[in-house]
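Here is the file my_file.cif (mmCIF, C-alpha atoms).
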data_coords
#
loop_
_atom_site.group_PDB
_atom_site.id
_atom_site.type_symbol
_atom_site.label_atom_id
_atom_site.label_comp_id
_atom_site.auth_asym_id
_atom_site.auth_seq_id
_atom_site.Cartn_x
_atom_site.Cartn_y
_atom_site.Cartn_z
ATOM 1 C CA MET A 89 0.000 0.000 0.000
ATOM 2 C CA SER A 90 1.380 3.383 -0.990
ATOM 3 C CA SER A 91 1.588 6.112 1.574
ATOM 4 C CA TYR A 92 0.781 9.795 1.301
ATOM 5 C CA THR A 93 1.085 13.037 3.205
ATOM 6 C CA VAL A 94 -1.206 16.027 3.665
ATOM 7 C CA ARG A 95 0.342 19.496 3.616
ATOM 8 C CA PRO A 96 -0.542 23.127 2.869
ATOM 9 C CA ALA A 97 -0.818 23.826 -0.866
ATOM 10 C CA ARG A 98 1.787 25.881 -2.704
ATOM 11 C CA THR A 99 1.419 27.908 -5.886
ATOM 12 C CA GLY A 100 3.185 25.125 -7.770
ATOM 13 C CA ASP A 101 0.261 22.814 -6.875
ATOM 14 C CA VAL A 102 -2.459 24.938 -8.467
ATOM 15 C CA ARG A 103 -2.426 23.372 -11.926
ATOM 16 C CA ALA A 104 -2.530 19.883 -10.380
ATOM 17 C CA ILE A 105 -5.469 20.990 -8.193
ATOM 18 C CA ARG A 106 -7.250 22.127 -11.354
ATOM 19 C CA ASP A 107 -6.477 18.774 -12.980
ATOM 20 C CA LEU A 108 -7.988 16.961 -9.970
ATOM 21 C CA LEU A 109 -11.057 19.202 -10.159
ATOM 22 C CA GLU A 110 -11.724 18.909 -13.896
ATOM 23 C CA PRO A 111 -13.232 15.366 -14.018
ATOM 24 C CA PHE A 112 -15.681 16.349 -11.262
ATOM 25 C CA VAL A 113 -16.640 19.492 -13.176
ATOM 26 C CA GLN A 114 -17.244 17.371 -16.289
ATOM 27 C CA ARG A 115 -19.515 15.059 -14.253
ATOM 28 C CA ARG A 116 -21.315 18.127 -12.806
ATOM 29 C CA ILE A 117 -20.381 17.145 -9.254
ATOM 30 C CA LEU A 118 -18.332 20.300 -8.553
ATOM 31 C CA LEU A 119 -18.411 23.753 -10.066
ATOM 32 C CA GLY A 120 -15.449 24.714 -12.194
ATOM 33 C CA LYS A 121 -12.984 27.333 -11.052
ATOM 34 C CA ASP A 122 -10.827 29.511 -13.252
ATOM 35 C CA LEU A 123 -7.107 29.085 -12.758
ATOM 36 C CA VAL A 124 -6.812 32.636 -11.415
ATOM 37 C CA VAL A 125 -9.434 31.866 -8.748
ATOM 38 C CA LEU A 126 -7.443 28.826 -7.641
ATOM 39 C CA TYR A 127 -4.249 30.884 -7.430
ATOM 40 C CA GLU A 128 -6.075 33.542 -5.397
ATOM 41 C CA ALA A 129 -7.277 30.867 -2.980
ATOM 42 C CA VAL A 130 -4.130 28.697 -2.797
ATOM 43 C CA GLN A 131 -3.597 29.612 0.874
ATOM 44 C CA GLU A 132 -7.007 28.053 1.673
ATOM 45 C CA PHE A 133 -5.979 24.635 0.298
ATOM 46 C CA VAL A 134 -4.302 21.583 1.713
ATOM 47 C CA VAL A 135 -3.206 18.814 -0.623
ATOM 48 C CA ALA A 136 -2.493 15.123 -0.296
ATOM 49 C CA GLU A 137 0.452 13.802 -2.270
ATOM 50 C CA ASP A 138 1.766 10.308 -2.768
ATOM 51 C CA THR A 139 5.390 9.301 -2.202
ATOM 52 C CA ASP A 140 6.196 10.231 -5.822
ATOM 53 C CA GLY A 141 4.960 13.804 -5.256
ATOM 54 C CA ARG A 142 1.756 13.416 -7.294
ATOM 55 C CA LEU A 143 -1.334 15.178 -5.925
ATOM 56 C CA ILE A 144 -3.999 12.639 -5.021
ATOM 57 C CA GLY A 145 -6.413 14.924 -3.189
ATOM 58 C CA CYS A 146 -7.156 18.425 -2.009
ATOM 59 C CA GLY A 147 -9.564 20.500 0.014
ATOM 60 C CA ALA A 148 -9.987 24.122 0.984
ATOM 61 C CA LEU A 149 -11.153 26.010 4.048
ATOM 62 C CA HIS A 150 -12.938 29.231 3.149
ATOM 63 C CA VAL A 151 -13.735 31.542 6.074
ATOM 64 C CA MET A 152 -17.218 33.026 5.751
ATOM 65 C CA TRP A 153 -17.704 34.766 9.090
ATOM 66 C CA GLU A 154 -16.183 35.128 12.553
ATOM 67 C CA ASP A 155 -17.126 31.611 13.627
ATOM 68 C CA LEU A 156 -18.032 30.002 10.301
ATOM 69 C CA ALA A 157 -16.027 28.499 7.439
ATOM 70 C CA GLU A 158 -16.775 26.242 4.495
ATOM 71 C CA VAL A 159 -15.002 23.045 3.519
ATOM 72 C CA ARG A 160 -14.909 23.292 -0.267
ATOM 73 C CA THR A 161 -13.308 21.659 -3.282
ATOM 74 C CA LEU A 162 -12.740 18.403 -1.398
ATOM 75 C CA ILE A 163 -11.441 15.940 -3.981
ATOM 76 C CA VAL A 164 -9.772 12.551 -3.800
ATOM 77 C CA ALA A 165 -8.459 10.924 -6.984
ATOM 78 C CA ASP A 166 -10.446 7.824 -7.941
ATOM 79 C CA GLY A 167 -7.558 5.413 -7.334
ATOM 80 C CA TRP A 168 -7.200 6.701 -3.768
ATOM 81 C CA LEU A 169 -10.811 6.519 -2.612
ATOM 82 C CA HIS A 170 -11.542 4.598 0.629
ATOM 83 C CA ARG A 171 -7.924 4.840 1.803
ATOM 84 C CA GLY A 172 -8.327 7.613 4.394
ATOM 85 C CA VAL A 173 -7.187 10.478 2.159
ATOM 86 C CA GLY A 174 -10.419 12.471 2.433
ATOM 87 C CA ARG A 175 -10.535 11.956 6.188
ATOM 88 C CA LEU A 176 -7.005 13.293 6.630
ATOM 89 C CA ILE A 177 -7.714 16.289 4.406
ATOM 90 C CA VAL A 178 -10.834 17.141 6.442
ATOM 91 C CA ASP A 179 -8.863 16.642 9.665
ATOM 92 C CA ALA A 180 -6.228 19.108 8.427
ATOM 93 C CA LEU A 181 -8.925 21.627 7.479
ATOM 94 C CA GLU A 182 -10.565 21.236 10.899
ATOM 95 C CA ASP A 183 -7.201 21.854 12.571
ATOM 96 C CA ARG A 184 -6.801 25.015 10.488
ATOM 97 C CA ALA A 185 -10.308 26.140 11.396
ATOM 98 C CA THR A 186 -9.602 25.641 15.097
ATOM 99 C CA THR A 187 -6.348 27.624 14.795
ATOM 100 C CA LEU A 188 -8.282 30.461 13.126
ATOM 101 C CA GLY A 189 -10.944 30.460 15.842
ATOM 102 C CA VAL A 190 -13.700 29.053 13.640
ATOM 103 C CA ARG A 191 -16.282 27.030 15.561
ATOM 104 C CA ARG A 192 -18.613 25.855 12.789
ATOM 105 C CA LEU A 193 -17.868 24.211 9.439
ATOM 106 C CA PHE A 194 -20.264 24.176 6.522
ATOM 107 C CA CYS A 195 -20.178 21.991 3.426
ATOM 108 C CA LEU A 196 -22.396 21.483 0.402
ATOM 109 C CA THR A 197 -22.055 17.891 -0.721
ATOM 110 C CA PHE A 198 -23.384 14.796 -2.433
ATOM 111 C CA GLU A 199 -21.205 12.735 -0.041
ATOM 112 C CA VAL A 200 -23.577 12.886 2.929
ATOM 113 C CA ASP A 201 -22.431 9.615 4.527
ATOM 114 C CA PHE A 202 -18.761 10.651 4.408
ATOM 115 C CA PHE A 203 -19.473 13.964 6.119
ATOM 116 C CA GLU A 204 -21.862 12.417 8.652
ATOM 117 C CA ARG A 205 -19.025 10.083 9.706
ATOM 118 C CA ARG A 206 -16.926 13.239 10.250
ATOM 119 C CA GLY A 207 -19.596 14.732 12.560
ATOM 120 C CA PHE A 208 -21.479 16.939 10.086
ATOM 121 C CA ALA A 209 -25.289 16.983 10.061
ATOM 122 C CA PRO A 210 -27.770 18.199 7.447
ATOM 123 C CA ILE A 211 -29.104 21.684 8.113
ATOM 124 C CA GLY A 212 -32.278 23.541 7.279
ATOM 125 C CA GLU A 213 -33.025 27.231 7.370
ATOM 126 C CA GLN A 214 -32.039 29.870 9.940
ATOM 127 C CA VAL A 215 -28.525 28.699 10.758
ATOM 128 C CA VAL A 216 -27.266 32.215 11.523
ATOM 129 C CA ASP A 217 -28.926 35.032 13.394
ATOM 130 C CA PRO A 218 -30.597 37.848 11.407
ATOM 131 C CA ASP A 219 -27.746 40.341 11.976
ATOM 132 C CA VAL A 220 -25.144 37.934 10.584
ATOM 133 C CA TYR A 221 -27.482 37.010 7.717
ATOM 134 C CA SER A 222 -27.777 40.690 6.765
ATOM 135 C CA GLN A 223 -23.978 40.876 6.513
ATOM 136 C CA LEU A 224 -23.446 37.540 4.743
ATOM 137 C CA ILE A 225 -26.043 38.305 2.089
ATOM 138 C CA ARG A 226 -23.775 41.148 0.895
ATOM 139 C CA SER A 227 -20.985 38.740 0.000
ATOM 140 C CA PRO A 228 -20.371 38.104 -3.709
ATOM 141 C CA ASP A 229 -19.040 34.614 -2.850
ATOM 142 C CA GLU A 230 -21.121 31.766 -4.308
ATOM 143 C CA GLY A 231 -20.279 29.571 -1.294
ATOM 144 C CA VAL A 232 -21.917 32.085 1.020
ATOM 145 C CA ALA A 233 -24.994 32.112 -1.228
ATOM 146 C CA GLU A 234 -25.070 28.297 -1.069
ATOM 147 C CA PHE A 235 -24.770 28.392 2.719
ATOM 148 C CA LEU A 236 -27.667 30.850 2.950
ATOM 149 C CA ASP A 237 -29.637 28.671 0.503
ATOM 150 C CA LEU A 238 -30.341 31.636 -1.758
ATOM 151 C CA ALA A 239 -32.574 30.900 -4.734
ATOM 152 C CA HIS A 240 -30.106 32.105 -7.392
ATOM 153 C CA VAL A 241 -27.658 29.277 -6.647
ATOM 154 C CA LYS A 242 -30.208 26.467 -6.542
ATOM 155 C CA PRO A 243 -29.741 25.439 -10.204
ATOM 156 C CA ASN A 244 -26.024 24.878 -9.502
ATOM 157 C CA THR A 245 -26.564 22.936 -6.300
ATOM 158 C CA LEU A 246 -29.572 20.778 -7.108
ATOM 159 C CA GLY A 247 -29.270 17.523 -5.213
ATOM 160 C CA ASN A 248 -26.536 18.677 -2.849
ATOM 161 C CA THR A 249 -27.032 18.554 0.903
ATOM 162 C CA ARG A 250 -26.127 21.503 3.102
ATOM 163 C CA MET A 251 -24.323 20.237 6.218
ATOM 164 C CA LEU A 252 -22.814 21.796 9.330
ATOM 165 C CA LYS A 253 -20.454 20.689 12.076
ATOM 166 C CA THR A 254 -19.706 22.401 15.367
ATOM 167 C CA LEU A 255 -16.052 21.883 16.252
ATOM 168 C CA GLY A 256 -15.300 20.582 19.719
ATOM 169 C CA ALA A 257 -18.895 19.435 20.144
#
For the file at hand, write its structure as structure tokens.
Amino acid sequence: MSSYTVRPARTGDVRAIRDLLEPFVQRRILLGKDLVVLYEAVQEFVVAEDTDGRLIGCGALHVMWEDLAEVRTLIVADGWLHRGVGRLIVDALEDRATTLGVRRLFCLTFEVDFFERRGFAPIGEQVVDPDVYSQLIRSPDEGVAEFLDLAHVKPNTLGNTRMLKTLGA
């Protein structure tokens, strides 16, 4: 069995992250991201690489509010599924969130069972108080719109489940 490590992403990883993302975009599982957007967000990513230095997975932590962040762009290469890669990526993102002072993690996913095993639970409406909602709704970020369950993102997220985890709970 090959081994792998999880580490913070570097700018040199961005094209490989895009290559990991592309098959999922083609299958309409994840939304595509322009290369410039990935470069702008490289500091949000952690990557998993095998012993030969090939990227086999990635995930990003996107802070949305004082106590809230989103786990996004979580990908594991097909040949590495069910080998703990996704779990270690999420663990690394949770550690980052804790370091930043984030208490709640959001995700929008088709992989409900995976995230439930990590302590996430499906959410409904009213997950932030009205004052925070009034601030979040001003964000141009599509992830924030997905979190708030705004109507204009529903065509892109049809079938996904909105989930939340409280860290340390």
Spatial neighbours of Ser91 in chain A, max dist 12 Å, only C-alpha atoms, sep filter under 6 positions, as a ChimeraX atom specification: /A:136-142,144,168,171-173
Residues in the PyMOL selection byres ((chain A and resi 158) around 9), expressed as a PyMOL selection string: chain A and resi 148-152+156-157+159-160+192-196+231-232+235+252
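With CA of Asp122 in chain A on one side and CA of Ile177 in chain A on the other, the separation reads 22.3 Å.
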Explicit residues for the PyMOL selection byres ((chain A and resi 182) around 10) (as number ranges by chain): A: 149, 157, 159, 176-181, 183-188, 190-193, 253, 255
Apply the PyMOL selection byres ((chain A and resi 131) around 12) to the structure shown and report the selected residues as an mmCIF file with C-alpha atoms, keeping the file's coordinate frame.
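This went into out11.cif:
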data_model
loop_
_atom_site.group_PDB
_atom_site.id
_atom_site.type_symbol
_atom_site.label_atom_id
_atom_site.label_comp_id
_atom_site.auth_asym_id
_atom_site.auth_seq_id
_atom_site.Cartn_x
_atom_site.Cartn_y
_atom_site.Cartn_z
ATOM 1 C CA ARG A 95 0.342 19.496 3.616
ATOM 2 C CA PRO A 96 -0.542 23.127 2.869
ATOM 3 C CA ALA A 97 -0.818 23.826 -0.866
ATOM 4 C CA ARG A 98 1.787 25.881 -2.704
ATOM 5 C CA THR A 99 1.419 27.908 -5.886
ATOM 6 C CA GLY A 100 3.185 25.125 -7.770
ATOM 7 C CA ASP A 101 0.261 22.814 -6.875
ATOM 8 C CA VAL A 102 -2.459 24.938 -8.467
ATOM 9 C CA VAL A 125 -9.434 31.866 -8.748
ATOM 10 C CA LEU A 126 -7.443 28.826 -7.641
ATOM 11 C CA TYR A 127 -4.249 30.884 -7.430
ATOM 12 C CA GLU A 128 -6.075 33.542 -5.397
ATOM 13 C CA ALA A 129 -7.277 30.867 -2.980
ATOM 14 C CA VAL A 130 -4.130 28.697 -2.797
ATOM 15 C CA GLU A 132 -7.007 28.053 1.673
ATOM 16 C CA PHE A 133 -5.979 24.635 0.298
ATOM 17 C CA VAL A 134 -4.302 21.583 1.713
ATOM 18 C CA VAL A 135 -3.206 18.814 -0.623
ATOM 19 C CA GLY A 147 -9.564 20.500 0.014
ATOM 20 C CA ALA A 148 -9.987 24.122 0.984
ATOM 21 C CA LEU A 149 -11.153 26.010 4.048
ATOM 22 C CA HIS A 150 -12.938 29.231 3.149
ATOM 23 C CA VAL A 151 -13.735 31.542 6.074
ATOM 24 C CA LEU A 181 -8.925 21.627 7.479
ATOM 25 C CA ARG A 184 -6.801 25.015 10.488
#
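You will find CA of Arg205 in chain A at 13.6 Å from CA of Thr254 in chain A.
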Residue with smallest distance to Ala104 in chain A - pool A:Ala165, A:Leu123, A:Leu118, A:Leu143, counting all atoms listed in the file: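 For Ala104 in chain A, the nearest of the given residues is A:Leu143.
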Length of the CA of Glu199 in chain A to CA of Gly145 in chain A vector [Å]: 15.3 Å
Using all atoms listed in the file: which of A:Val124, A:Val200, A:Cys146, A:Leu119 has the shortest distance to Val94 in chain A: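 Ranking A:Val124, A:Val200, A:Cys146, A:Leu119 by distance to Val94 in chain A, first place goes to A:Cys146.
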Quick one: 6 Å padding each side, axis-aligned, all listed atoms of range 135-153 of chain A - centre and edge lengths in Å to one decimal, as JSON?
{"center_x": -5.8, "center_y": 22.0, "center_z": 0.9, "size_x": 35.9, "size_y": 37.5, "size_z": 28.4}
